[in-house]
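*Asks:* Following this line is model.cif, made up of mmCIF, C-alpha atoms:
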data_work
#
loop_
_atom_site.label_atom_id
_atom_site.label_comp_id
_atom_site.auth_asym_id
_atom_site.auth_seq_id
_atom_site.Cartn_x
_atom_site.Cartn_y
_atom_site.Cartn_z
CA MET A 1 -30.99 31.12 -176.27
CA ARG A 2 -28.10 31.58 -178.70
CA ALA A 3 -24.45 32.31 -177.97
CA LYS A 4 -22.88 35.27 -179.76
CA VAL A 5 -19.35 36.10 -180.87
CA ASP A 6 -18.08 39.21 -182.63
CA ALA A 7 -14.98 40.40 -184.44
CA ASP A 8 -13.33 41.65 -181.22
CA GLU A 9 -13.76 38.28 -179.54
CA LEU A 10 -12.32 36.45 -182.54
CA ALA A 11 -9.32 38.80 -182.50
CA ASP A 12 -8.85 38.28 -178.74
CA PHE A 13 -8.95 34.50 -179.17
CA ARG A 14 -6.36 34.57 -181.92
CA ARG A 15 -4.11 36.96 -179.96
CA CYS A 16 -4.11 35.25 -176.56
CA ARG A 17 -6.47 32.53 -175.38
CA ARG A 18 -5.91 33.29 -171.69
CA ALA A 19 -6.92 36.96 -172.01
CA TRP A 20 -9.84 35.88 -174.18
CA ASP A 21 -10.92 33.33 -171.56
CA LEU A 22 -11.01 36.02 -168.85
CA GLY A 23 -12.80 38.66 -170.90
CA SER A 24 -15.12 36.77 -173.25
CA PRO A 25 -18.87 37.20 -172.61
CA ASN A 26 -19.07 33.45 -173.20
CA ARG A 27 -16.37 32.62 -170.60
CA ARG A 28 -15.41 34.59 -167.43
CA ASN A 29 -16.90 37.80 -168.83
CA LEU A 30 -14.69 40.15 -166.78
CA GLU A 31 -13.47 43.69 -167.38
CA PRO A 32 -11.30 46.08 -165.32
CA LEU A 33 -13.09 48.30 -162.84
CA ALA A 34 -13.90 51.69 -164.35
CA GLY A 35 -11.20 54.30 -163.82
CA ALA A 36 -11.31 58.07 -164.15
CA ASP A 37 -13.79 59.62 -166.56
CA ALA A 38 -12.46 59.37 -170.08
CA ALA A 39 -11.96 62.41 -172.28
CA PRO A 40 -14.66 63.08 -174.87
CA ASP A 41 -14.37 60.67 -177.78
CA VAL A 42 -14.33 62.99 -180.80
CA ALA A 43 -14.09 60.12 -183.28
CA GLU A 44 -17.20 58.43 -181.85
CA ALA A 45 -19.09 61.75 -181.80
CA VAL A 46 -18.29 62.26 -185.49
CA ARG A 47 -19.41 58.73 -186.32
CA ARG A 48 -22.71 59.27 -184.51
CA ALA A 49 -23.26 62.57 -186.30
CA LEU A 50 -22.66 60.84 -189.64
CA ALA A 51 -25.33 58.29 -188.63
CA VAL A 52 -27.79 61.18 -188.42
CA TYR A 53 -26.69 62.64 -191.77
CA TYR A 54 -27.20 59.29 -193.51
CA PHE A 55 -30.39 58.26 -191.70
CA PRO A 56 -32.40 56.59 -194.50
CA GLY A 57 -35.75 58.06 -193.53
CA MET A 58 -34.37 61.57 -194.07
CA TRP A 59 -32.33 60.96 -197.22
CA ASP A 60 -34.89 62.64 -199.49
CA TRP A 61 -35.47 65.54 -197.09
CA ASP A 62 -34.20 69.03 -197.77
CA ARG A 63 -30.46 68.68 -197.15
CA PRO A 64 -29.92 71.92 -195.18
CA MET A 65 -32.49 70.65 -192.66
CA VAL A 66 -30.64 67.33 -192.29
CA GLU A 67 -27.31 69.14 -191.99
CA GLY A 68 -28.71 71.18 -189.10
CA LEU A 69 -29.78 68.00 -187.31
CA THR A 70 -26.33 66.54 -187.92
CA ARG A 71 -24.61 69.52 -186.27
CA ALA A 72 -27.07 69.41 -183.38
CA ASP A 73 -26.37 65.73 -182.76
CA LEU A 74 -22.64 66.45 -182.54
CA ARG A 75 -23.34 68.74 -179.58
CA ARG A 76 -25.08 65.91 -177.80
CA TRP A 77 -21.83 63.98 -177.41
CA LEU A 78 -19.25 66.76 -176.84
CA PRO A 79 -19.23 69.43 -174.07
CA ASP A 80 -20.40 72.92 -175.05
CA GLY A 81 -17.54 75.35 -175.52
CA SER A 82 -14.88 72.62 -175.59
CA PRO A 83 -12.01 72.61 -178.11
CA GLU A 84 -13.17 69.14 -179.11
CA LEU A 85 -16.59 70.45 -180.09
CA ALA A 86 -15.16 73.39 -182.02
CA SER A 87 -12.83 71.21 -184.09
CA ALA A 88 -15.53 68.58 -184.65
CA VAL A 89 -17.95 71.23 -185.95
CA LEU A 90 -15.32 72.46 -188.41
CA LEU A 91 -14.74 68.91 -189.57
CA ILE A 92 -18.44 68.14 -189.99
CA ASP A 93 -18.97 71.43 -191.87
CA ALA A 94 -16.19 70.44 -194.26
CA TYR A 95 -17.64 66.93 -194.62
CA LEU A 96 -21.09 68.30 -195.41
CA ALA A 97 -19.52 70.40 -198.17
CA TRP A 98 -17.62 67.43 -199.60
CA ALA A 99 -20.12 64.57 -199.29
CA PRO A 100 -22.64 65.69 -201.96
CA SER A 101 -19.86 65.43 -204.57
CA VAL A 102 -19.19 61.74 -203.83
CA ASP A 103 -22.38 60.27 -202.36
CA ARG A 104 -23.29 58.04 -205.30
CA PHE A 105 -25.65 55.91 -203.24
CA ALA A 106 -28.83 55.84 -201.16
CA PRO A 107 -28.68 54.64 -197.53
CA ILE A 108 -30.74 51.58 -196.57
CA ARG A 109 -29.62 50.92 -192.96
CA VAL A 110 -27.50 53.02 -190.60
CA ALA A 111 -25.64 51.90 -187.43
CA SER A 112 -27.34 48.58 -188.07
CA ALA A 113 -26.65 45.44 -186.02
CA TYR A 114 -26.95 41.96 -187.51
CA GLU A 115 -26.73 38.35 -186.33
CA ALA A 116 -25.53 35.63 -188.69
CA PRO A 117 -25.62 31.88 -187.95
CA ILE A 118 -22.20 30.23 -188.21
CA SER A 119 -21.94 27.02 -190.24
CA HIS A 120 -19.81 24.13 -189.03
CA PRO A 121 -16.51 24.03 -190.96
CA THR A 122 -16.85 20.33 -191.84
CA ASP A 123 -20.64 20.13 -192.12
CA ALA A 124 -22.14 23.04 -194.04
CA SER A 125 -25.65 21.75 -193.38
CA GLY A 126 -25.28 22.19 -189.62
CA GLY A 127 -24.38 25.04 -187.33
CA ILE A 128 -21.90 25.27 -184.45
CA VAL A 129 -23.11 24.73 -180.89
CA ASP A 130 -21.18 25.49 -177.70
CA ALA A 131 -20.67 23.27 -174.64
CA ARG A 132 -24.09 24.32 -173.29
CA GLY A 133 -25.81 23.26 -176.51
CA ARG A 134 -26.45 26.81 -177.71
CA PRO A 135 -26.18 27.64 -181.42
CA VAL A 136 -23.48 30.25 -182.03
CA ASP A 137 -24.08 33.41 -184.08
CA TYR A 138 -21.64 35.99 -185.40
CA VAL A 139 -22.83 39.48 -184.49
CA GLY A 140 -21.67 42.82 -185.87
CA GLU A 141 -22.73 46.33 -186.71
CA VAL A 142 -22.23 48.18 -189.98
CA ASP A 143 -22.01 51.95 -190.06
CA LEU A 144 -24.02 52.11 -193.26
CA LEU A 145 -25.63 49.78 -195.81
CA VAL A 146 -26.29 51.52 -199.12
CA THR A 147 -27.36 50.88 -202.70
CA ASP A 148 -25.66 52.59 -205.60
CA ASP A 149 -27.32 53.97 -208.73
CA ALA A 150 -27.41 50.43 -210.17
CA ASP A 151 -29.09 48.96 -207.05
CA ARG A 152 -25.94 47.14 -205.93
CA TYR A 153 -25.47 46.84 -202.16
CA TRP A 154 -22.37 48.15 -200.41
CA VAL A 155 -21.26 48.00 -196.77
CA VAL A 156 -19.79 51.33 -195.61
CA HIS A 157 -17.29 51.68 -192.76
CA HIS A 158 -16.52 55.11 -191.27
CA ARG A 159 -12.86 55.26 -190.25
CA VAL A 160 -12.42 58.35 -188.09
CA GLY A 161 -8.95 58.93 -186.66
CA MET A 162 -5.52 60.51 -186.85
CA GLY A 163 -2.50 59.88 -189.04
CA ASN A 164 -2.00 58.64 -192.56
CA TRP A 165 -4.53 56.97 -194.80
CA VAL A 166 -4.90 53.21 -194.45
CA GLY A 167 -2.95 51.51 -197.24
CA GLU A 168 -5.04 50.32 -200.17
CA ARG A 169 -3.76 46.75 -199.90
CA ILE A 170 -4.49 46.71 -196.15
CA LEU A 171 -8.04 47.89 -196.80
CA GLY A 172 -8.42 45.16 -199.38
CA LEU A 173 -7.34 42.49 -196.88
CA ASP A 174 -9.28 43.77 -193.84
CA GLU A 175 -11.08 40.65 -192.59
CA ARG A 176 -13.52 42.57 -190.40
CA ASP A 177 -14.77 44.53 -193.41
CA ILE A 178 -15.24 41.37 -195.48
CA ALA A 179 -16.84 39.57 -192.53
CA ASP A 180 -19.49 42.30 -192.40
CA CYS A 181 -20.31 41.55 -196.04
CA TRP A 182 -20.71 37.88 -195.18
CA GLY A 183 -22.71 38.63 -192.03
CA VAL A 184 -25.12 41.02 -193.75
CA GLN A 185 -25.72 38.51 -196.54
CA ALA A 186 -26.35 35.74 -194.01
CA ALA A 187 -28.71 37.95 -191.99
CA TYR A 188 -30.71 39.12 -195.03
CA LEU A 189 -31.21 36.06 -197.23
CA GLY A 190 -31.30 36.95 -200.90
CA LEU A 191 -29.15 40.05 -200.54
CA GLU A 192 -25.82 40.13 -202.39
CA VAL A 193 -23.15 42.61 -201.32
CA ALA A 194 -21.05 44.08 -204.14
CA GLY A 195 -18.27 45.29 -201.86
CA THR A 196 -17.16 47.66 -199.12
CA ILE A 197 -16.71 51.42 -198.99
CA SER A 198 -14.07 52.78 -196.61
CA ASN A 199 -15.05 56.32 -195.63
CA GLU A 200 -11.94 57.80 -193.98
CA VAL A 201 -12.12 61.03 -191.96
CA ARG A 202 -8.90 62.60 -190.64
CA LEU A 203 -9.18 64.45 -187.33
CA ASP A 204 -5.67 65.89 -187.55
CA VAL A 205 -6.17 68.04 -190.66
CA VAL A 206 -9.30 69.98 -189.70
CA GLY A 207 -9.76 73.08 -191.83
CA ALA A 208 -8.06 71.63 -194.90
CA VAL A 209 -11.34 71.84 -196.82
CA GLU A 210 -13.30 75.05 -197.08
CA ALA A 211 -17.05 74.91 -196.47
CA ALA A 212 -17.86 76.47 -199.84
CA GLY A 213 -17.83 75.26 -203.42
CA ARG A 214 -20.19 72.29 -203.34
CA ARG A 215 -20.38 70.10 -206.41
CA ALA A 216 -23.27 67.68 -206.07
CA VAL A 217 -23.51 64.46 -208.05
CA ALA A 218 -26.81 63.04 -209.26
CA HIS A 219 -28.81 62.27 -206.12
CA VAL A 220 -29.73 58.58 -205.72
CA ALA A 221 -33.28 58.75 -204.35
CA GLN A 222 -34.23 56.71 -201.31
CA ASN A 223 -37.84 56.16 -202.33
CA ASP A 224 -38.86 54.32 -205.48
CA PRO A 225 -41.37 55.70 -208.04
CA SER A 226 -44.26 54.00 -206.25
CA GLY A 227 -43.62 56.19 -203.22
CA GLY A 228 -42.43 53.40 -200.92
CA GLY A 229 -38.98 53.03 -199.43
CA ARG A 230 -36.36 50.62 -200.69
CA SER A 231 -36.50 47.18 -199.14
CA ILE A 232 -34.04 44.46 -198.16
CA PRO A 233 -33.57 42.65 -200.38
CA GLN A 234 -35.05 44.46 -203.36
CA HIS A 235 -35.40 43.55 -207.01
CA ARG A 236 -33.22 45.59 -209.32
CA ARG A 237 -35.13 48.24 -211.19
CA VAL A 238 -35.74 47.63 -214.88
CA ALA A 239 -33.77 50.78 -215.70
CA VAL A 240 -30.57 49.37 -214.21
CA ARG A 241 -30.80 45.65 -214.96
CA GLY A 242 -27.65 44.43 -216.63
CA ALA A 243 -25.61 47.39 -215.42
CA THR A 244 -21.89 46.71 -215.44
CA ALA A 245 -20.53 45.90 -211.98
CA LEU A 246 -17.71 47.94 -210.52
CA ASP A 247 -14.77 45.54 -210.81
CA GLU A 248 -11.83 47.68 -209.73
CA LEU A 249 -10.89 49.74 -206.70
CA ARG A 250 -11.95 53.40 -206.86
CA ILE A 251 -10.62 56.22 -204.66
CA GLU A 252 -12.05 59.71 -204.11
CA GLU A 253 -9.97 62.02 -201.93
CA ARG A 254 -10.07 65.62 -200.82
CA GLY A 255 -8.29 67.16 -197.82
CA PRO A 256 -9.15 65.19 -194.66
CA PHE A 257 -11.55 62.83 -196.45
CA ARG A 258 -10.96 59.75 -198.57
CA ARG A 259 -13.48 57.24 -199.85
CA THR A 260 -12.34 53.89 -201.23
CA TRP A 261 -14.74 51.59 -203.09
CA ILE A 262 -13.53 47.96 -202.96
CA PRO A 263 -15.45 45.29 -204.93
CA ARG A 264 -15.66 41.94 -203.12
CA SER A 265 -16.11 38.62 -204.88
CA ALA A 266 -18.51 35.90 -203.76
CA VAL A 267 -15.50 33.60 -203.25
CA GLU A 268 -13.77 36.15 -201.01
CA ILE A 269 -16.88 36.70 -198.90
CA GLY A 270 -17.65 32.98 -198.61
CA GLU A 271 -14.10 32.15 -197.51
CA VAL A 272 -14.32 34.58 -194.59
CA GLY A 273 -17.50 32.85 -193.43
CA ARG A 274 -15.75 29.49 -193.54
CA ARG A 275 -12.74 30.91 -191.68
CA ILE A 276 -14.99 32.27 -188.94
CA GLY A 277 -16.52 28.81 -188.67
CA ARG A 278 -13.11 27.20 -188.20
CA VAL A 279 -12.06 29.65 -185.47
CA VAL A 280 -15.36 29.43 -183.58
CA SER A 281 -15.22 25.63 -183.81
CA ASP A 282 -11.90 25.79 -181.93
CA MET A 283 -13.37 28.25 -179.39
CA VAL A 284 -16.20 25.92 -178.36
CA ALA A 285 -14.15 22.67 -178.39
CA SER A 286 -14.61 20.61 -175.21
CA ASP A 287 -10.83 20.07 -174.89
CA LEU A 288 -9.92 23.73 -175.38
CA ASP A 289 -6.72 24.79 -173.60
CA PRO A 290 -6.82 28.57 -172.86
CA TYR A 291 -3.03 28.91 -172.92
CA PRO A 292 -1.35 32.34 -172.91
CA THR A 293 0.62 33.83 -175.80
CA PRO A 294 3.04 36.19 -174.05
CA SER A 295 4.94 38.77 -176.09
CA SER A 296 5.84 42.44 -175.86
CA ARG A 297 3.15 43.20 -178.43
CA ASN A 298 0.38 41.18 -176.81
CA CYS A 299 1.07 42.04 -173.17
CA SER A 300 1.97 45.74 -173.23
CA ASP A 301 -1.65 46.95 -173.23
CA CYS A 302 -3.44 43.81 -172.05
CA ALA A 303 -6.19 44.47 -169.49
CA PHE A 304 -5.44 41.12 -167.80
CA LEU A 305 -1.67 41.42 -167.42
CA GLU A 306 -1.56 41.23 -163.60
CA PRO A 307 -3.78 38.15 -163.14
CA CYS A 308 -1.99 36.48 -166.06
CA ILE A 309 1.38 36.97 -164.34
CA GLU A 310 -0.02 35.33 -161.20
CA MET A 311 -1.27 32.38 -163.22
CA SER A 312 2.07 32.06 -165.01
CA LEU A 313 3.78 31.86 -161.61
CA GLY A 314 1.45 29.06 -160.55
CA ARG A 315 -0.57 31.21 -158.14
CA SER A 316 -4.30 31.83 -158.00
CA PRO A 317 -5.43 35.06 -159.67
CA GLU A 318 -8.78 35.18 -157.86
CA GLU A 319 -7.81 37.90 -155.33
CA ILE A 320 -6.61 40.22 -158.10
CA LEU A 321 -9.68 39.46 -160.20
CA GLY A 322 -11.99 40.04 -157.24
CA ASN A 323 -10.45 43.40 -156.32
CA GLY A 324 -9.71 44.86 -159.74
CA TYR A 325 -12.32 43.44 -162.09
CA GLN A 326 -16.07 43.27 -162.45
CA PRO A 327 -18.57 41.32 -164.58
CA ARG A 328 -18.93 42.82 -168.03
CA GLY A 329 -22.41 44.00 -168.93
CA GLN A 330 -24.44 42.00 -171.40
CA ARG A 331 -24.46 42.97 -175.06
CA ALA A 332 -27.33 45.34 -175.77
CA VAL A 333 -28.39 47.81 -178.41
CA GLU A 334 -28.30 51.31 -176.95
CA PRO A 335 -31.93 52.48 -176.45
CA GLY A 336 -32.88 54.91 -179.19
CA ARG A 337 -29.66 54.45 -181.13
CA LEU A 338 -30.05 55.01 -184.83
CA GLY A 339 -30.54 51.63 -186.41
CA GLY A 340 -31.54 50.02 -183.13
CA ALA A 341 -35.13 49.60 -184.27
CA THR A 342 -36.93 48.81 -187.50
CA TRP A 343 -38.33 51.87 -189.24
CA GLY A 344 -39.88 52.56 -192.61
CA MET A 345 -37.24 53.64 -195.06
CA GLY A 346 -39.36 55.74 -197.44
CA ARG A 347 -40.13 59.44 -197.42
CA GLY A 348 -41.68 60.45 -194.11
CA ALA A 349 -40.13 57.61 -192.10
CA VAL A 350 -40.33 58.21 -188.36
CA PRO A 351 -36.96 58.96 -186.69
CA PRO A 352 -35.89 57.05 -183.54
CA GLU A 353 -37.71 57.63 -180.27
CA ARG A 354 -34.92 59.61 -178.63
CA TRP A 355 -35.50 62.41 -181.11
CA SER A 356 -38.82 63.17 -179.44
CA GLY A 357 -37.66 62.62 -175.86
CA GLY A 358 -36.24 65.10 -173.39
CA HIS A 359 -32.71 63.70 -173.69
CA ARG A 360 -32.61 64.49 -177.38
CA ASP A 361 -34.12 67.97 -176.98
CA ALA A 362 -30.96 69.19 -175.27
CA GLY A 363 -29.09 69.08 -178.56
CA ARG A 364 -31.63 70.93 -180.70
CA ASP A 365 -30.79 74.49 -179.71
#
Kindly return the structure encoded in the file as structure tokens.

*Replies:*
Amino acid sequence: MRAKVDADELADFRRCRRAWDLGSPNRRNLEPLAGADAAPDVAEAVRRALAVYYFPGMWDWDRPMVEGLTRADLRRWLPDGSPELASAVLLIDAYLAWAPSVDRFAPIRVASAYEAPISHPTDASGGIVDARGRPVDYVGEVDLLVTDDADRYWVVHHRVGMGNWVGERILGLDERDIADCWGVQAAYLGLEVAGTISNEVRLDVVGAVEAAGRRAVAHVAQNDPSGGGRSIPQHRRVAVRGATALDELRIEERGPFRRTWIPRSAVEIGEVGRRIGRVVSDMVASDLDPYPTPSSRNCSDCAFLEPCIEMSLGRSPEEILGNGYQPRGQRAVEPGRLGGATWGMGRGAVPPERWSGGHRDAGRD
């Protein structure tokens, strides 16, 4: 049995140890009782549809067929006839018109989870163990792992939301993005990540790109000349050995879409791994004090505000926790989720099981 931490838990620990202590799967593991049904999550529906579009086993298929499956998957997550579905379809149609002009890569993994062992910050030869003697792993999920036309690996993050573009310097400093590079490299020994690709999709400017006027770039094939799929890790093809690495930031933008290629150095990626080790070492320390860090920024949207107030007043929070909170479910890969199983990545690869089940059939019409 191994303990697991992720980027959200690290952020919670840094923000407020008391809230982290109450919510961490490795501590009290609590969450508020479910409230009213949430509105459809358009951003998540778009991300899931993009997972279908970039599914590696279909990358060399006829693109109109894949585009039809992408639109059908969108309907699986949003109610028929809803304004959310109508706007999401417009956005996906525009994306499908834009993507062929900038997709200078072949997908290798999509919606892919990984687990990376965390090295001890003062003893690189040993890992970190918690108070129960369990080794601790860093877990994450990347939207897309791709190779470019020179067989360099890139981690792609879909950023679907409203408002302005994320600043270039902020993207360059985003620790979660860099941590995914480190985690993927640690999970797949021998693989070297060249950098990250931020794929931004704006929900608030739907219709800014017409669905006509495609301009496709040279397609990077998923299967190699032998007929097999690309592997992890793979040897660079003779035709691209010695290719010059991309060493500067590159931006491609049109309407509601912007793609930013950010090279990452080995030093940068390694330092994030060491920083994760230092934080996790503090998290599992036997003398850890889960003190609060109260502030208007930290407390305004904290799920544990009420029990924290009780604790700060010297009273027991157990009645509030018992009435308003429940145990959080264990981490699990959603059954049938793209990337949740290992599949062949060459031409003819079998799609996930849910595509042949009754639940999936509802979205095919």

*Asks:* Do you have the CA of Asp282 (chain A)-CA of Asp6 (chain A) distance handy?

*Replies:*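 Rounded to one decimal, the two atoms are 14.8 Å apart.
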
*Asks:* With the file shown as input, list the residues that the PyMOL selection byres ((chain A and resi 182) around 8) selects, as a PyMOL selection string.

*Replies:* chain A and resi 178-181+183-186+269-270+272-273

*Asks:* Expand the PyMOL selection byres ((chain A and resi 256) around 10) into the explicit residue set it covers here, and present it as a PyMOL selection string.

*Replies:* chain A and resi 91+94-95+162+164-165+200-209+253-255+257-258

*Asks:* How many Å lie between CA of Pro307 (chain A) and CA of Ile320 (chain A), rounded to one decimal?

*Replies:*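 Going from CA of Pro307 (chain A) over to CA of Ile320 (chain A), I get 6.1 Å.
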
*Asks:* Pick out the closest residue to Ala113 (chain A) from this set: A:Glu67, A:Asp289, A:Asp143, A:Asp137. Count all atoms listed in the file.

*Replies:*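 Of A:Glu67, A:Asp289, A:Asp143, A:Asp137, the one nearest Ala113 (chain A), counting all atoms listed in the file, is A:Asp143.
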
*Asks:* For Ile108 (chain A), find every residue with an atom within 6 Å (counting all atoms listed in the file), except residues of its own chain fewer than 3 positions away, and show them as an MDAnalysis selection string.

*Replies:* chainID A and resid 56 145:146

*Asks:* Please tell me which residues are no farther than 12 Å from (-11.6, 42.6, -159.3) in the file, counting all atoms listed in the file, and write them as a list of chain:residue names.

*Replies:* A:Leu22, A:Asn29, A:Leu30, A:Glu31, A:Pro32, A:Leu33, A:Ala34, A:Ala303, A:Phe304, A:Glu306, A:Pro307, A:Pro317, A:Glu318, A:Glu319, A:Ile320, A:Leu321, A:Gly322, A:Asn323, A:Gly324, A:Tyr325, A:Gln326, A:Pro327, A:Arg328

*Asks:* Residues of the last selection are to be written out with C-alpha atoms, as a PDB file, in the coordinates of the input.

*Replies:*
ATOM      1  CA  LEU A  22     -11.010  36.020-168.850  1.00  0.00           C
ATOM      2  CA  ASN A  29     -16.900  37.800-168.830  1.00  0.00           C
ATOM      3  CA  LEU A  30     -14.690  40.150-166.780  1.00  0.00           C
ATOM      4  CA  GLU A  31     -13.470  43.690-167.380  1.00  0.00           C
ATOM      5  CA  PRO A  32     -11.300  46.080-165.320  1.00  0.00           C
ATOM      6  CA  LEU A  33     -13.090  48.300-162.840  1.00  0.00           C
ATOM      7  CA  ALA A  34     -13.900  51.690-164.350  1.00  0.00           C
ATOM      8  CA  ALA A 303      -6.190  44.470-169.490  1.00  0.00           C
ATOM      9  CA  PHE A 304      -5.440  41.120-167.800  1.00  0.00           C
ATOM     10  CA  GLU A 306      -1.560  41.230-163.600  1.00  0.00           C
ATOM     11  CA  PRO A 307      -3.780  38.150-163.140  1.00  0.00           C
ATOM     12  CA  PRO A 317      -5.430  35.060-159.670  1.00  0.00           C
ATOM     13  CA  GLU A 318      -8.780  35.180-157.860  1.00  0.00           C
ATOM     14  CA  GLU A 319      -7.810  37.900-155.330  1.00  0.00           C
ATOM     15  CA  ILE A 320      -6.610  40.220-158.100  1.00  0.00           C
ATOM     16  CA  LEU A 321      -9.680  39.460-160.200  1.00  0.00           C
ATOM     17  CA  GLY A 322     -11.990  40.040-157.240  1.00  0.00           C
ATOM     18  CA  ASN A 323     -10.450  43.400-156.320  1.00  0.00           C
ATOM     19  CA  GLY A 324      -9.710  44.860-159.740  1.00  0.00           C
ATOM     20  CA  TYR A 325     -12.320  43.440-162.090  1.00  0.00           C
ATOM     21  CA  GLN A 326     -16.070  43.270-162.450  1.00  0.00           C
ATOM     22  CA  PRO A 327     -18.570  41.320-164.580  1.00  0.00           C
ATOM     23  CA  ARG A 328     -18.930  42.820-168.030  1.00  0.00           C
TER      24      ARG A 328
END

*Asks:* One decimal, Å: what's the distance from CA of Thr147 (chain A) over to CA of Gly68 (chain A), could you say?

*Replies:*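 Going from CA of Thr147 (chain A) over to CA of Gly68 (chain A) covers 24.5 Å.
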
*Asks:* Determine the nearest neighbour of Arg278 (chain A) from the options A:Glu168, A:Asp177, A:Asp123, A:Arg17, counting all atoms listed in the file.

*Replies:*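 So, comparing all the options, the nearest one is A:Asp123.
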
*Asks:* Provide an axis-aligned box for all listed atoms of region 41-60 of chain A, padding each side by 8 Å; report its centre and its edge lengths in Å to one decimal, as JSON.

*Replies:*
{"center_x": -24.9, "center_y": 59.8, "center_z": -188.6, "size_x": 37.7, "size_y": 22.4, "size_z": 37.7}

*Asks:* For Val217 (chain A), which residue among A:Val139, A:Ala99, A:Leu305, A:Val5 is the nearest when counting all atoms listed in the file?

*Replies:*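 Of all the options, A:Ala99 lies closest to Val217 (chain A).
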
*Asks:* Quick one: of A:Asp151, A:Leu90, A:Asp41, A:Val129, who's nearest to Met283 (chain A), counting all atoms listed in the file?

*Replies:*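 Nearest to Met283 (chain A): A:Val129.
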
*Asks:* Between A:Pro100, A:Asp12, A:Arg75, A:Val110, which residue has the minimum interatomic distance to Val52 (chain A), considering all atoms listed in the file?

*Replies:*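 Nearest candidate to Val52 (chain A) out of A:Pro100, A:Asp12, A:Arg75, A:Val110: A:Val110.
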
*Asks:* Considering only C-alpha atoms, state which residue in the set A:His158, A:Arg76, A:Arg250, A:Arg27 is at the smallest distance from Leu50 (chain A).

*Replies:*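 For Leu50 (chain A), the nearest of the given residues is A:His158.
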
*Asks:* Enumerate, as a ChimeraX atom specification, the residues matched when the PyMOL selection byres ((chain A and resi 219) around 10) is run on the file above.

*Replies:* /A:59-60,100-106,149,216-218,220-222

*Asks:* Would you fill out region 85-89 of chain A with all heavy atoms and return it as a PDB file, in the frame of the given file?

*Replies:*
ATOM      1  N   LEU A  85     -15.368  70.130-179.356  1.00  0.00           N
ATOM      2  CA  LEU A  85     -16.590  70.450-180.090  1.00  0.00           C
ATOM      3  C   LEU A  85     -16.291  71.407-181.239  1.00  0.00           C
ATOM      4  O   LEU A  85     -16.780  71.220-182.361  1.00  0.00           O
ATOM      5  CB  LEU A  85     -17.640  71.060-179.161  1.00  0.00           C
ATOM      6  CG  LEU A  85     -18.935  71.535-179.831  1.00  0.00           C
ATOM      7  CD1 LEU A  85     -19.625  70.380-180.537  1.00  0.00           C
ATOM      8  CD2 LEU A  85     -19.860  72.178-178.803  1.00  0.00           C
ATOM      9  N   ALA A  86     -15.477  72.408-180.978  1.00  0.00           N
ATOM     10  CA  ALA A  86     -15.160  73.390-182.020  1.00  0.00           C
ATOM     11  C   ALA A  86     -14.490  72.741-183.220  1.00  0.00           C
ATOM     12  O   ALA A  86     -14.852  73.004-184.377  1.00  0.00           O
ATOM     13  CB  ALA A  86     -14.265  74.489-181.431  1.00  0.00           C
ATOM     14  N   SER A  87     -13.521  71.854-182.972  1.00  0.00           N
ATOM     15  CA  SER A  87     -12.830  71.210-184.090  1.00  0.00           C
ATOM     16  C   SER A  87     -13.739  70.215-184.798  1.00  0.00           C
ATOM     17  O   SER A  87     -13.690  70.070-186.020  1.00  0.00           O
ATOM     18  CB  SER A  87     -11.563  70.502-183.591  1.00  0.00           C
ATOM     19  OG  SER A  87     -11.871  69.494-182.642  1.00  0.00           O
ATOM     20  N   ALA A  88     -14.610  69.534-184.031  1.00  0.00           N
ATOM     21  CA  ALA A  88     -15.530  68.580-184.650  1.00  0.00           C
ATOM     22  C   ALA A  88     -16.546  69.286-185.540  1.00  0.00           C
ATOM     23  O   ALA A  88     -16.904  68.777-186.609  1.00  0.00           O
ATOM     24  CB  ALA A  88     -16.244  67.761-183.571  1.00  0.00           C
ATOM     25  N   VAL A  89     -17.012  70.460-185.122  1.00  0.00           N
ATOM     26  CA  VAL A  89     -17.950  71.230-185.950  1.00  0.00           C
ATOM     27  C   VAL A  89     -17.294  71.652-187.257  1.00  0.00           C
ATOM     28  O   VAL A  89     -17.894  71.563-188.334  1.00  0.00           O
ATOM     29  CB  VAL A  89     -18.485  72.452-185.176  1.00  0.00           C
ATOM     30  CG1 VAL A  89     -19.234  73.394-186.121  1.00  0.00           C
ATOM     31  CG2 VAL A  89     -19.403  72.019-184.042  1.00  0.00           C
TER      32      VAL A  89
END
